[in-house]
Amino acid sequence: MDAGLRPADATYGAPGAVTRHGLGDTLRQALPDALRHAPGGITRHHTLADATREPDPRQAEIHRLMIRHAQAGRTVVRLKGGDPFVFGRGGEEATVLRQHGIPFEIVPGVSSAVAVPAYAGIPLTYRGLATGFTVVTGHEALHSTGVAWDVLARSEQTLVILMGVGHLAGIVERLIAAGRDRETPAAVIASGTTQRQRSVVTTLGEIDAAVRRAGIRAPAVVVIGPVARLAEHLAWFSPAPPVAPQAGAPQAGAPQAGAPRTAPPPAAAAPQAAAPPRR
């Protein structure tokens, strides 16, 4: 969690205000010892230090604005895509509000980690293929020293990676080096749930090259695991069929380019007004 406001803000350092030191103490008191000292858990040495560092300037400005307008008596809405508590910094912002005594409400959303694979015809869990899934960020997964690559590589669960296209080659290399079979099915879905949605379905060993050939760019979601192959049969929304790594005809069951969708995206559904009763 990020903490603190800009030093120029009048509330920074005031009684009850958020400071790096104060928030760190609060987190340490709130976290169970078993979590703080467990392997891969939050530790003072690495993860907690990252969690309590000062935010980047843009995030600090968001904190400042929320506090300023809330203390002025206004109702503030911090609108996010997906779920605010899934890599959305919602926890950081809620912590800052709590430290300032500002009441808040969290409205859960549907994370892109779940929604985008669903729009590509990939169920993250499927009986006989995957009984669970793990979600990580591409940046954190590649640069964090606390990621248990051997565990992720050996796991039979589905692995979902957000913000990972820019680091895909390194992520693939780490997973294979840690023991993940290079023939494991893998998919990358770009611009999910929009008319620009495109998918690449291949194997872990080939996914980076296939993505580059297809010209896939962020934003995109990476799915690794046997369920990724189901996109070839269950894709229902894509304006075009999943992009295959080799030239060939589209897989049977995949929607053709320009084919009508079987259902409109949720964002396209407009609320209907109820007709008044006849008198």
# chains A, B, ... in the order shown; residues from 1 in each chain; ligands from 1

$ select_by_dssp --residues "stretch 40-187 of chain A" --states "strand (DSSP E)" --output "ChimeraX atom specification"
/A:133-137,158-162,185-187

$ select_by_dssp --residues "stretch 35-212 of chain A" --states "alpha helix (DSSP H)" --output "ChimeraX atom specification"
/A:35-37,47-51,57-71,90-99,112-119,138-143,149-154,168-177,207-212

$ residues_around --residues "stretch 119-124 of chain A" --least-positions-apart "4" --cutoff "10 Å" --atoms "only C-alpha atoms" --output "number ranges by chain"
A: 112-115, 129-134, 157-160, 187-190, 192-194, 197-200, 223-238, 241-242, 254, 265

$ write_last_selection --atoms "N, CA and C atoms" --output "short mmCIF file (atom, residue, chain, number, x, y, z; two decimals), in the first residue's frame"
data_model
loop_
_atom_site.label_atom_id
_atom_site.label_comp_id
_atom_site.auth_asym_id
_atom_site.auth_seq_id
_atom_site.Cartn_x
_atom_site.Cartn_y
_atom_site.Cartn_z
N SER A 112 -10.51 -7.80 -14.73
CA SER A 112 -10.14 -8.23 -16.08
C SER A 112 -9.48 -9.60 -16.06
N ALA A 113 -8.93 -9.99 -14.92
CA ALA A 113 -8.31 -11.31 -14.81
C ALA A 113 -9.33 -12.42 -15.03
N VAL A 114 -10.59 -12.14 -14.75
CA VAL A 114 -11.67 -13.11 -14.92
C VAL A 114 -12.49 -12.80 -16.16
N ALA A 115 -12.81 -11.52 -16.37
CA ALA A 115 -13.72 -11.14 -17.45
C ALA A 115 -13.11 -11.36 -18.83
N LEU A 129 -9.41 -30.22 -15.62
CA LEU A 129 -8.30 -29.45 -16.17
C LEU A 129 -7.67 -28.51 -15.15
N ALA A 130 -8.49 -27.81 -14.38
CA ALA A 130 -7.96 -26.85 -13.41
C ALA A 130 -8.98 -26.64 -12.30
N THR A 131 -8.53 -26.77 -11.06
CA THR A 131 -9.42 -26.58 -9.92
C THR A 131 -9.23 -25.22 -9.26
N GLY A 132 -8.38 -24.39 -9.83
CA GLY A 132 -8.15 -23.06 -9.26
C GLY A 132 -7.26 -22.26 -10.19
N PHE A 133 -7.01 -21.00 -9.80
CA PHE A 133 -6.14 -20.16 -10.62
C PHE A 133 -5.40 -19.17 -9.74
N THR A 134 -4.27 -18.73 -10.25
CA THR A 134 -3.41 -17.74 -9.59
C THR A 134 -3.29 -16.51 -10.49
N GLN A 157 -2.57 -25.46 -11.56
CA GLN A 157 -3.63 -24.47 -11.64
C GLN A 157 -3.39 -23.52 -12.82
N THR A 158 -4.44 -22.83 -13.21
CA THR A 158 -4.32 -21.84 -14.27
C THR A 158 -3.55 -20.63 -13.76
N LEU A 159 -2.65 -20.12 -14.56
CA LEU A 159 -1.89 -18.92 -14.21
C LEU A 159 -2.37 -17.77 -15.09
N VAL A 160 -2.81 -16.69 -14.46
CA VAL A 160 -3.27 -15.49 -15.17
C VAL A 160 -2.28 -14.37 -14.87
N ALA A 187 -2.43 -18.60 -23.82
CA ALA A 187 -3.21 -17.65 -24.64
C ALA A 187 -2.91 -16.24 -24.19
N VAL A 188 -2.99 -15.32 -25.11
CA VAL A 188 -2.92 -13.88 -24.82
C VAL A 188 -4.13 -13.23 -25.46
N ILE A 189 -4.89 -12.49 -24.66
CA ILE A 189 -6.08 -11.79 -25.15
C ILE A 189 -5.85 -10.30 -25.00
N ALA A 190 -5.89 -9.59 -26.11
CA ALA A 190 -5.66 -8.14 -26.10
C ALA A 190 -6.99 -7.40 -26.25
N GLY A 192 -9.50 -7.02 -24.38
CA GLY A 192 -10.63 -7.89 -24.08
C GLY A 192 -11.92 -7.16 -23.82
N THR A 193 -13.02 -7.76 -24.24
CA THR A 193 -14.40 -7.30 -24.09
C THR A 193 -14.73 -6.14 -25.00
N THR A 194 -13.82 -5.73 -25.87
CA THR A 194 -14.10 -4.65 -26.80
C THR A 194 -14.13 -5.21 -28.23
N GLN A 197 -10.95 -6.81 -29.59
CA GLN A 197 -10.40 -7.99 -28.94
C GLN A 197 -9.76 -8.93 -29.95
N ARG A 198 -8.56 -9.39 -29.61
CA ARG A 198 -7.83 -10.36 -30.43
C ARG A 198 -7.19 -11.37 -29.52
N SER A 199 -7.10 -12.61 -29.98
CA SER A 199 -6.53 -13.68 -29.16
C SER A 199 -5.46 -14.44 -29.93
N VAL A 200 -4.45 -14.86 -29.19
CA VAL A 200 -3.44 -15.78 -29.70
C VAL A 200 -3.46 -16.99 -28.80
N VAL A 223 -2.97 -16.07 -20.22
CA VAL A 223 -3.51 -17.24 -19.52
C VAL A 223 -2.63 -18.43 -19.87
N ILE A 224 -2.13 -19.11 -18.85
CA ILE A 224 -1.26 -20.27 -19.05
C ILE A 224 -1.87 -21.46 -18.32
N GLY A 225 -2.07 -22.54 -19.04
CA GLY A 225 -2.66 -23.74 -18.46
C GLY A 225 -3.53 -24.45 -19.48
N PRO A 226 -3.92 -25.70 -19.22
CA PRO A 226 -4.70 -26.47 -20.18
C PRO A 226 -5.99 -25.79 -20.63
N VAL A 227 -6.60 -24.96 -19.77
CA VAL A 227 -7.87 -24.34 -20.14
C VAL A 227 -7.71 -23.35 -21.29
N ALA A 228 -6.48 -22.86 -21.53
CA ALA A 228 -6.27 -21.89 -22.61
C ALA A 228 -6.68 -22.48 -23.95
N ARG A 229 -6.50 -23.78 -24.13
CA ARG A 229 -6.84 -24.41 -25.40
C ARG A 229 -8.34 -24.42 -25.67
N LEU A 230 -9.16 -24.25 -24.63
CA LEU A 230 -10.61 -24.25 -24.82
C LEU A 230 -11.07 -23.05 -25.63
N ALA A 231 -10.26 -22.01 -25.74
CA ALA A 231 -10.63 -20.85 -26.54
C ALA A 231 -10.89 -21.23 -27.99
N GLU A 232 -10.23 -22.28 -28.47
CA GLU A 232 -10.40 -22.70 -29.86
C GLU A 232 -11.79 -23.25 -30.11
N HIS A 233 -12.50 -23.65 -29.04
CA HIS A 233 -13.81 -24.27 -29.19
C HIS A 233 -14.93 -23.46 -28.54
N LEU A 234 -14.60 -22.66 -27.53
CA LEU A 234 -15.63 -21.95 -26.78
C LEU A 234 -15.69 -20.46 -27.06
N ALA A 235 -14.80 -19.94 -27.90
CA ALA A 235 -14.82 -18.50 -28.19
C ALA A 235 -16.20 -18.13 -28.71
N TRP A 236 -16.79 -17.10 -28.12
CA TRP A 236 -18.16 -16.73 -28.47
C TRP A 236 -18.31 -15.25 -28.82
N PHE A 237 -17.36 -14.43 -28.42
CA PHE A 237 -17.49 -12.99 -28.59
C PHE A 237 -16.53 -12.41 -29.60
N SER A 238 -15.36 -12.99 -29.75
CA SER A 238 -14.30 -12.37 -30.55
C SER A 238 -14.80 -11.98 -31.93
N PRO A 241 -11.63 -15.02 -35.19
CA PRO A 241 -11.21 -16.22 -34.46
C PRO A 241 -9.85 -16.03 -33.84
N PRO A 242 -9.50 -16.83 -32.81
CA PRO A 242 -8.17 -16.73 -32.23
C PRO A 242 -7.08 -16.87 -33.28
N ALA A 254 -15.05 -21.80 -33.76
CA ALA A 254 -14.65 -20.42 -33.50
C ALA A 254 -15.48 -19.49 -34.37
N PRO A 265 -22.07 -7.28 -25.43
CA PRO A 265 -21.28 -7.07 -24.22
C PRO A 265 -22.11 -6.33 -23.20
#

$ residues_around --residues "A:Thr137" --least-positions-apart "2" --cutoff "12 Å" --atoms "only C-alpha atoms" --output "mmCIF file with N, CA and C atoms, in the first residue's frame"
data_model
loop_
_atom_site.group_PDB
_atom_site.id
_atom_site.type_symbol
_atom_site.label_atom_id
_atom_site.label_comp_id
_atom_site.auth_asym_id
_atom_site.auth_seq_id
_atom_site.Cartn_x
_atom_site.Cartn_y
_atom_site.Cartn_z
ATOM 1 N N VAL A 86 -8.268 -5.534 -6.857
ATOM 2 C CA VAL A 86 -7.435 -6.468 -7.625
ATOM 3 C C VAL A 86 -6.501 -5.642 -8.498
ATOM 4 N N PHE A 87 -5.305 -5.380 -8.007
ATOM 5 C CA PHE A 87 -4.296 -4.582 -8.712
ATOM 6 C C PHE A 87 -4.852 -3.226 -9.135
ATOM 7 N N GLY A 88 -5.762 -2.673 -8.339
ATOM 8 C CA GLY A 88 -6.357 -1.396 -8.678
ATOM 9 C C GLY A 88 -6.003 -0.296 -7.700
ATOM 10 N N SER A 112 -10.513 -7.798 -14.735
ATOM 11 C CA SER A 112 -10.138 -8.226 -16.080
ATOM 12 C C SER A 112 -9.479 -9.598 -16.064
ATOM 13 N N ALA A 113 -8.926 -9.989 -14.923
ATOM 14 C CA ALA A 113 -8.308 -11.314 -14.812
ATOM 15 C C ALA A 113 -9.328 -12.422 -15.033
ATOM 16 N N THR A 134 -4.266 -18.725 -10.255
ATOM 17 C CA THR A 134 -3.415 -17.737 -9.585
ATOM 18 C C THR A 134 -3.289 -16.514 -10.490
ATOM 19 N N VAL A 135 -3.378 -15.321 -9.897
ATOM 20 C CA VAL A 135 -3.266 -14.082 -10.661
ATOM 21 C C VAL A 135 -2.042 -13.316 -10.170
ATOM 22 N N HIS A 139 4.759 -7.171 -14.259
ATOM 23 C CA HIS A 139 5.882 -6.388 -13.740
ATOM 24 C C HIS A 139 6.366 -6.962 -12.415
ATOM 25 N N GLU A 140 5.444 -7.207 -11.499
ATOM 26 C CA GLU A 140 5.838 -7.732 -10.191
ATOM 27 C C GLU A 140 6.414 -9.136 -10.315
ATOM 28 N N ALA A 141 5.812 -9.934 -11.192
ATOM 29 C CA ALA A 141 6.280 -11.311 -11.331
ATOM 30 C C ALA A 141 7.699 -11.367 -11.852
ATOM 31 N N LEU A 142 8.038 -10.413 -12.717
ATOM 32 C CA LEU A 142 9.370 -10.445 -13.321
ATOM 33 C C LEU A 142 10.433 -9.845 -12.424
ATOM 34 N N HIS A 143 10.080 -8.828 -11.630
ATOM 35 C CA HIS A 143 11.086 -8.081 -10.886
ATOM 36 C C HIS A 143 11.079 -8.346 -9.383
ATOM 37 N N SER A 144 10.005 -8.919 -8.852
ATOM 38 C CA SER A 144 9.957 -9.159 -7.416
ATOM 39 C C SER A 144 10.820 -10.353 -7.044
ATOM 40 N N VAL A 147 8.694 -13.817 -5.676
ATOM 41 C CA VAL A 147 7.853 -14.709 -6.464
ATOM 42 C C VAL A 147 8.444 -16.115 -6.447
ATOM 43 N N LEU A 159 -2.650 -20.117 -14.564
ATOM 44 C CA LEU A 159 -1.889 -18.918 -14.212
ATOM 45 C C LEU A 159 -2.366 -17.770 -15.089
ATOM 46 N N VAL A 160 -2.813 -16.694 -14.458
ATOM 47 C CA VAL A 160 -3.273 -15.494 -15.172
ATOM 48 C C VAL A 160 -2.285 -14.372 -14.873
ATOM 49 N N ILE A 161 -1.787 -13.732 -15.916
ATOM 50 C CA ILE A 161 -0.807 -12.661 -15.763
ATOM 51 C C ILE A 161 -1.387 -11.383 -16.362
ATOM 52 N N LEU A 162 -1.499 -10.349 -15.537
ATOM 53 C CA LEU A 162 -1.956 -9.050 -15.994
ATOM 54 C C LEU A 162 -0.747 -8.165 -16.268
ATOM 55 N N MET A 163 -0.878 -7.287 -17.238
ATOM 56 C CA MET A 163 0.194 -6.345 -17.576
ATOM 57 C C MET A 163 1.504 -7.072 -17.831
ATOM 58 N N GLY A 164 1.434 -8.177 -18.564
ATOM 59 C CA GLY A 164 2.622 -8.993 -18.765
ATOM 60 C C GLY A 164 3.151 -9.047 -20.177
ATOM 61 N N VAL A 165 2.476 -8.407 -21.138
ATOM 62 C CA VAL A 165 2.911 -8.526 -22.531
ATOM 63 C C VAL A 165 4.301 -7.942 -22.732
ATOM 64 N N GLY A 166 4.586 -6.838 -22.093
ATOM 65 C CA GLY A 166 5.888 -6.205 -22.261
ATOM 66 C C GLY A 166 7.031 -7.018 -21.693
ATOM 67 N N HIS A 167 6.732 -7.939 -20.788
ATOM 68 C CA HIS A 167 7.765 -8.770 -20.162
ATOM 69 C C HIS A 167 7.564 -10.250 -20.489
ATOM 70 N N LEU A 168 6.773 -10.532 -21.551
ATOM 71 C CA LEU A 168 6.372 -11.917 -21.802
ATOM 72 C C LEU A 168 7.552 -12.851 -22.029
ATOM 73 N N ILE A 171 9.090 -13.699 -18.693
ATOM 74 C CA ILE A 171 8.193 -14.523 -17.883
ATOM 75 C C ILE A 171 8.208 -15.961 -18.368
ATOM 76 N N ALA A 220 -3.424 -6.403 -22.342
ATOM 77 C CA ALA A 220 -3.661 -7.803 -22.661
ATOM 78 C C ALA A 220 -3.568 -8.643 -21.393
ATOM 79 N N VAL A 221 -4.234 -9.789 -21.428
ATOM 80 C CA VAL A 221 -4.219 -10.749 -20.325
ATOM 81 C C VAL A 221 -3.601 -12.037 -20.840
ATOM 82 N N VAL A 222 -2.685 -12.603 -20.067
ATOM 83 C CA VAL A 222 -2.019 -13.853 -20.422
ATOM 84 C C VAL A 222 -2.617 -14.971 -19.581
ATOM 85 N N VAL A 223 -2.968 -16.071 -20.225
ATOM 86 C CA VAL A 223 -3.509 -17.242 -19.522
ATOM 87 C C VAL A 223 -2.629 -18.435 -19.867
#
